[in-house]
>>> print(open('run_13.cif').read())   # mmCIF, C-alpha atoms
data_final
loop_
_atom_site.label_atom_id
_atom_site.label_comp_id
_atom_site.auth_asym_id
_atom_site.auth_seq_id
_atom_site.Cartn_x
_atom_site.Cartn_y
_atom_site.Cartn_z
CA MET Q 27 38.23 -15.72 66.04
CA ASP Q 28 37.14 -12.33 64.78
CA ARG Q 29 39.21 -12.93 61.67
CA TRP Q 30 37.38 -16.19 60.94
CA GLN Q 31 34.05 -14.45 61.47
CA HIS Q 32 35.07 -11.81 58.97
CA PHE Q 33 36.02 -14.51 56.44
CA HIS Q 34 32.72 -16.30 57.09
CA THR Q 35 30.76 -13.07 56.63
CA LEU Q 36 32.71 -12.27 53.47
CA GLY Q 37 32.02 -15.77 52.13
CA ASN Q 38 28.30 -15.41 52.77
CA TRP Q 39 28.33 -12.04 51.05
CA LEU Q 40 30.14 -13.46 48.03
CA ARG Q 41 27.66 -16.34 47.76
CA ARG Q 42 24.73 -13.92 47.92
CA TYR Q 43 26.44 -11.72 45.35
CA ARG Q 44 26.84 -14.67 42.95
CA GLU Q 45 23.17 -15.54 43.38
CA VAL Q 46 22.03 -11.96 42.89
CA ALA Q 47 24.47 -11.41 40.03
CA SER Q 48 23.24 -14.47 38.15
CA VAL Q 49 19.62 -13.37 38.54
CA GLY Q 50 20.53 -9.80 37.64
CA GLY Q 51 22.45 -11.00 34.59
CA LEU Q 52 19.47 -13.06 33.47
CA VAL Q 53 17.12 -10.10 33.93
CA TYR Q 54 19.49 -7.84 32.01
CA ALA Q 55 19.84 -10.39 29.20
CA LEU Q 56 16.06 -10.67 28.90
CA TRP Q 57 15.69 -6.88 28.94
CA GLN Q 58 18.41 -6.48 26.31
CA ARG Q 59 16.83 -9.15 24.14
CA ARG Q 60 13.48 -7.37 24.38
CA GLN Q 61 15.15 -4.09 23.40
CA TRP Q 62 16.76 -5.71 20.38
CA LYS Q 63 13.46 -7.29 19.37
CA ARG Q 64 11.63 -3.99 19.76
CA ALA Q 65 14.28 -2.17 17.73
CA ALA Q 66 14.04 -4.81 15.00
CA GLU Q 67 10.24 -4.58 14.95
CA GLU Q 68 10.37 -0.78 14.75
CA ALA Q 69 12.92 -0.97 11.95
CA CYS Q 70 10.76 -3.45 10.03
CA ALA Q 71 7.68 -1.30 10.59
CA ALA Q 72 9.56 1.74 9.32
CA VAL Q 73 10.63 -0.16 6.22
CA ARG Q 74 7.10 -1.38 5.57
CA ALA Q 75 5.63 2.07 6.17
CA GLY Q 76 8.12 3.74 3.89
CA ARG Q 77 8.46 1.07 1.23
CA PHE Q 78 5.77 2.65 -0.94
CA MET Q 79 7.98 5.75 -1.10
CA GLU Q 80 10.58 3.82 -3.08
CA GLN Q 81 8.51 2.80 -6.06
CA CYS Q 82 5.03 2.64 -7.50
CA SER Q 83 4.05 -0.21 -9.80
CA PHE Q 84 1.52 0.22 -12.62
CA LEU Q 85 -0.32 -3.08 -13.05
CA LEU Q 86 -2.54 -3.94 -16.01
CA VAL Q 87 -5.18 -6.53 -15.07
CA ASN Q 88 -6.62 -8.84 -17.72
CA VAL Q 89 -9.81 -10.10 -16.09
CA ASP Q 90 -10.22 -12.87 -18.68
CA GLY Q 91 -6.93 -14.32 -17.45
CA LEU Q 92 -8.30 -14.56 -13.90
CA LYS Q 93 -11.22 -16.73 -14.93
CA LYS Q 94 -11.28 -20.46 -14.29
CA GLY Q 95 -10.06 -22.42 -17.28
CA ALA Q 96 -7.98 -19.55 -18.69
CA ASN Q 97 -4.93 -20.60 -20.68
CA MET Q 98 -2.15 -19.50 -18.34
CA ALA Q 99 0.50 -20.29 -20.95
CA SER Q 100 -0.78 -17.60 -23.32
CA THR Q 101 -2.41 -15.11 -20.93
CA VAL Q 102 -0.73 -12.67 -18.56
CA SER Q 103 -3.37 -11.86 -15.96
CA VAL Q 104 -1.57 -9.21 -13.89
CA GLN Q 105 1.12 -7.50 -15.93
CA THR Q 106 3.54 -4.89 -14.60
CA LEU Q 107 3.58 -2.09 -17.15
CA PHE Q 108 6.31 -0.02 -15.49
CA THR Q 109 7.46 1.35 -12.15
CA ARG Q 110 8.25 4.86 -10.96
CA THR Q 111 9.46 6.36 -7.71
CA LEU Q 112 6.81 8.42 -5.99
CA LYS Q 113 8.94 11.52 -6.44
CA SER Q 114 9.27 11.03 -10.20
CA LEU Q 115 5.60 10.05 -10.39
CA MET Q 116 4.69 13.49 -9.04
CA PHE Q 117 7.31 15.20 -11.24
CA ASP Q 118 9.43 16.18 -8.20
CA ASN Q 119 6.60 18.17 -6.63
CA GLU Q 120 7.25 17.78 -2.89
CA ASN Q 121 3.77 19.00 -1.92
CA MET Q 122 2.14 16.35 -4.08
CA VAL Q 123 4.50 13.67 -2.75
CA ASP Q 124 3.54 14.65 0.80
CA ARG Q 125 -0.18 14.63 -0.06
CA VAL Q 126 0.02 11.13 -1.56
CA SER Q 127 2.12 9.87 1.36
CA ARG Q 128 -0.36 11.12 3.96
CA ALA Q 129 -3.30 9.71 2.00
CA SER Q 130 -1.59 6.32 1.76
CA GLU Q 131 -1.25 6.17 5.54
CA ARG Q 132 -5.04 6.44 5.87
CA ALA Q 133 -5.74 3.55 3.48
CA THR Q 134 -6.94 0.24 4.91
CA PRO Q 135 -7.18 -3.30 3.47
CA GLY Q 136 -10.92 -2.79 3.03
CA ALA Q 137 -10.56 0.70 1.56
CA PRO Q 138 -7.27 0.75 -0.37
CA LEU Q 139 -8.10 3.71 -2.66
CA LEU Q 140 -6.34 6.91 -1.64
CA GLU Q 141 -8.54 9.76 -0.44
CA LEU Q 142 -6.77 12.75 -1.97
CA GLY Q 143 -9.25 15.55 -1.33
CA SER Q 144 -9.76 18.50 -3.64
CA ASP Q 145 -6.43 18.03 -5.42
CA ALA Q 146 -7.19 14.46 -6.49
CA TRP Q 147 -7.46 15.50 -10.14
CA LEU Q 148 -3.86 16.79 -10.06
CA VAL Q 149 -2.58 13.42 -8.86
CA MET Q 150 -4.69 11.61 -11.45
CA ALA Q 151 -3.36 13.92 -14.17
CA ASN Q 152 0.21 13.03 -13.21
CA LEU Q 153 -0.59 9.31 -13.31
CA ASN Q 154 -2.30 9.72 -16.67
CA ALA Q 155 0.74 11.52 -18.08
CA HIS Q 156 2.93 8.54 -17.23
CA LEU Q 157 0.40 6.13 -18.73
CA MET Q 158 0.25 8.16 -21.93
CA GLU Q 159 4.03 8.27 -22.23
CA ALA Q 160 4.55 4.58 -21.55
CA CYS Q 161 1.55 3.06 -23.34
CA CYS Q 162 0.22 5.44 -25.98
CA SER Q 163 3.06 7.26 -27.71
CA TYR Q 164 3.33 4.62 -30.45
CA GLY Q 165 -0.43 4.65 -31.02
CA HIS Q 166 -0.60 8.44 -31.19
CA VAL Q 167 2.23 8.61 -33.71
CA ALA Q 168 0.57 5.85 -35.75
CA ALA Q 169 -2.70 7.80 -35.78
CA ALA Q 170 -0.89 10.98 -36.83
CA CYS Q 171 0.61 9.03 -39.73
CA GLY Q 172 -2.82 7.85 -40.88
CA THR Q 173 -2.69 4.32 -39.49
CA PRO Q 174 -6.01 2.99 -38.10
CA VAL Q 175 -5.90 2.76 -34.31
CA ASN Q 176 -7.98 1.34 -31.48
CA VAL Q 177 -9.00 3.64 -28.64
CA VAL Q 178 -10.08 1.79 -25.49
CA GLU Q 179 -11.38 3.31 -22.26
CA PHE Q 180 -9.57 2.26 -19.09
CA ILE Q 181 -10.06 3.05 -15.41
CA TYR Q 182 -7.08 3.27 -13.08
CA GLY Q 183 -6.94 3.42 -9.30
CA LEU Q 184 -4.18 4.58 -6.97
CA VAL Q 185 -4.06 2.34 -3.91
CA ASN Q 186 -1.89 1.49 -0.95
CA ASP Q 187 -2.07 -2.29 -1.13
CA ARG Q 188 -2.08 -3.54 2.47
CA THR Q 189 -3.19 -7.06 1.57
CA THR Q 190 0.39 -8.36 1.68
CA THR Q 191 2.02 -9.15 5.02
CA SER Q 192 5.59 -8.33 4.06
CA ARG Q 193 5.16 -4.71 3.02
CA GLN Q 194 2.81 -1.99 1.95
CA GLN Q 195 2.91 -1.17 -1.73
CA LEU Q 196 1.76 1.91 -3.60
CA ARG Q 197 0.22 0.64 -6.82
CA VAL Q 198 -1.82 1.83 -9.78
CA TYR Q 199 -4.24 -0.82 -11.04
CA VAL Q 200 -5.32 -0.35 -14.67
CA ILE Q 201 -8.36 -2.17 -16.06
CA ARG Q 202 -10.70 -1.85 -19.05
CA GLU Q 203 -13.79 0.11 -18.12
CA ARG Q 204 -16.15 -2.59 -19.38
CA ASP Q 205 -14.33 -5.21 -17.29
CA LEU Q 206 -14.61 -3.10 -14.15
CA ARG Q 207 -18.28 -2.44 -14.86
CA ASN Q 208 -18.91 -6.19 -15.27
CA LEU Q 209 -16.43 -7.58 -12.76
CA PRO Q 210 -17.06 -11.33 -12.26
CA GLU Q 211 -17.88 -12.87 -8.91
CA VAL Q 212 -15.25 -14.76 -6.94
CA LYS Q 213 -16.76 -18.15 -7.81
CA GLU Q 214 -15.99 -17.55 -11.50
CA LEU Q 215 -12.30 -16.87 -10.92
CA ASP Q 216 -9.15 -18.81 -10.13
CA LEU Q 217 -7.52 -16.82 -7.32
CA ARG Q 218 -5.10 -19.40 -5.99
CA ARG Q 219 -2.13 -17.14 -6.72
CA SER Q 220 -1.67 -14.47 -4.06
CA SER Q 221 -1.08 -11.78 -6.71
CA PHE Q 222 -4.41 -12.64 -8.36
CA LYS Q 223 -6.21 -12.58 -5.02
CA SER Q 224 -4.65 -9.23 -4.11
CA ALA Q 225 -5.52 -7.74 -7.52
CA TYR Q 226 -9.12 -8.92 -7.32
CA SER Q 227 -9.50 -7.50 -3.80
CA VAL Q 228 -8.45 -4.08 -5.07
CA LEU Q 229 -10.60 -4.33 -8.22
CA ARG Q 230 -13.61 -5.33 -6.12
CA SER Q 231 -13.14 -2.19 -4.03
CA MET Q 232 -12.84 -0.10 -7.21
CA ALA Q 233 -15.94 -1.70 -8.74
CA ASP Q 234 -17.99 -1.09 -5.60
CA SER Q 235 -17.07 2.61 -5.78
CA TYR Q 236 -17.60 2.94 -9.53
CA GLN Q 237 -20.78 4.29 -11.09
CA ALA Q 238 -20.98 3.94 -14.87
CA PRO Q 239 -21.68 7.33 -16.52
CA PRO Q 240 -24.96 7.94 -18.36
CA ALA Q 241 -25.07 6.69 -21.94
CA GLU Q 242 -25.50 10.20 -23.37
CA LEU Q 243 -22.22 11.35 -21.84
CA ARG Q 244 -20.40 8.39 -23.30
CA ARG Q 245 -22.13 8.82 -26.67
CA HIS Q 246 -21.14 12.48 -26.99
CA ASN Q 247 -17.63 11.81 -25.67
CA VAL Q 248 -17.71 14.53 -23.01
CA LEU Q 249 -16.29 12.47 -20.15
CA SER Q 250 -13.25 13.92 -18.43
CA MET Q 251 -10.45 12.19 -16.59
CA THR Q 252 -12.27 12.20 -13.24
CA SER Q 253 -15.95 12.67 -14.23
CA GLY Q 254 -18.14 10.92 -11.66
CA LEU Q 255 -15.22 8.99 -10.18
CA PRO Q 256 -14.33 8.72 -6.48
CA SER Q 257 -11.05 10.04 -5.12
CA GLY Q 258 -8.12 7.86 -6.12
CA MET Q 259 -9.60 6.78 -9.47
CA GLY Q 260 -9.09 8.19 -12.96
CA ARG Q 261 -10.18 7.55 -16.53
CA THR Q 262 -8.01 7.37 -19.62
CA TRP Q 263 -8.12 6.14 -23.21
CA LEU Q 264 -5.25 3.95 -24.37
CA THR Q 265 -4.46 4.13 -28.07
CA PHE Q 266 -2.71 1.46 -30.10
CA PRO Q 267 -2.53 0.53 -33.80
CA CYS Q 268 -4.94 -1.99 -35.28
CA GLU Q 269 -3.63 -5.34 -36.45
CA ALA Q 270 -0.58 -4.88 -38.60
CA GLY Q 271 -1.06 -4.83 -42.35
CA PRO Q 272 1.24 -3.98 -45.24
CA ILE Q 273 3.72 -1.26 -44.34
CA LEU Q 274 3.27 1.76 -46.62
CA SER Q 275 6.04 4.29 -47.01
CA ALA Q 276 5.69 7.86 -48.23
CA LEU Q 277 9.44 8.15 -48.80
#
>>> encode(input="run_13.cif", output="structure tokens")
Amino acid sequence: MDRWQHFHTLGNWLRRYREVASVGGLVYALWQRRQWKRAAEEACAAVRAGRFMEQCSFLLVNVDGLKKGANMASTVSVQTLFTRTLKSLMFDNENMVDRVSRASERATPGAPLLELGSDAWLVMANLNAHLMEACCSYGHVAAACGTPVNVVEFIYGLVNDRTTTSRQQLRVYVIRERDLRNLPEVKELDLRRSSFKSAYSVLRSMADSYQAPPAELRRHNVLSMTSGLPSGMGRTWLTFPCEAGPILSAL
């Protein structure tokens, strides 16, 4: 009789164990799934937070191409000029890379321009050097050879673009000064493309921070790269040959 009682007790214990084990297994599975999800979210967040470290895109914005009725077949509204890694952008200066990285973390969708402090002009000088190399070398050589050239004032802004949901992106937006000074209202533009909408959001922030310099400074050509500009914005003059004419050779 005692033996049967032992078997009965053992059977009850096994049934309880199966019940507890199934519940415990379910709890563990849910916990493990939550851990995997959290790890995936943290990994994605780390990728998004560090993605701007991989490359920086220089984007030239043609405001006329954003306007309603623009001929999209013949107008590139937001053109990628070139890309650089942040390290190469700062000419391998680790202190400058760290300064830009920390400033980018403080940027918000409503305030995308980087606050770089007292060394902002150094960062802007580095950006300008890349712009000069990529966009102006041909124009400067043409001018040195006596070819008529156009010199156009542009404003550029270094931003951490947080308007996209997939990633953060360190970008330099380049726009003609007169276009930034007279930036159209939203109702005049066709912003159905997400890239156009993102570009306009950044340009609007730049325009709100921009104060056009006095006419006498512009007339006497004494403006510097960062004269009167907020942190994260710089001024440059892009040079390119006038419309091509007959090629003259001195050889």
>>> atom_distance(input="run_13.cif", atom1="CA of Ser130 (chain Q)", atom2="CA of Cys161 (chain Q)")
25.5 Å
>>> atom_distance(input="run_13.cif", atom1="CA of Phe117 (chain Q)", atom2="CA of Arg202 (chain Q)")
26.0 Å
>>> closest_residue(input="run_13.cif", among="Q:Asn121, Q:Asn176, Q:Thr101, Q:Thr134", to="Ser231 (chain Q)", atoms="all atoms listed in the file")
Q:Thr134
>>> atom_distance(input="run_13.cif", atom1="CA of Leu140 (chain Q)", atom2="CA of Ala225 (chain Q)")
15.8 Å
>>> axis_aligned_box(input="run_13.cif", around="region 81-91 of chain Q", padding_each_side="4 Å", output="lines of an AutoDock Vina configuration file")
center_x = -0.9
center_y = -5.8
center_z = -12.4
size_x = 26.7
size_y = 25.1
size_z = 20.6
>>> closest_atom_pairs(input="run_13.cif", of="region 85-151 of chain Q", to="region 208-220 of chain Q", cutoff="8 Å", atoms="all atoms listed in the file", output="CSV")
residue,atom,partner,partner_atom,distance
Q:Val89,CA,Q:Leu209,CA,7.8
Q:Leu92,CA,Q:Leu215,CA,5.5
Q:Lys93,CA,Q:Leu215,CA,4.2
Q:Lys94,CA,Q:Asp216,CA,5.0
>>> write_last_selection(input="run_13.cif", atoms="C-alpha atoms", output="JSON list (two decimals), keeping the file's coordinate frame")
[["chain", "number", "residue", "atom", "x", "y", "z"],
["Q", 89, "VAL", "CA", -9.81, -10.10, -16.09],
["Q", 92, "LEU", "CA", -8.30, -14.56, -13.90],
["Q", 93, "LYS", "CA", -11.22, -16.73, -14.93],
["Q", 94, "LYS", "CA", -11.28, -20.46, -14.29]]
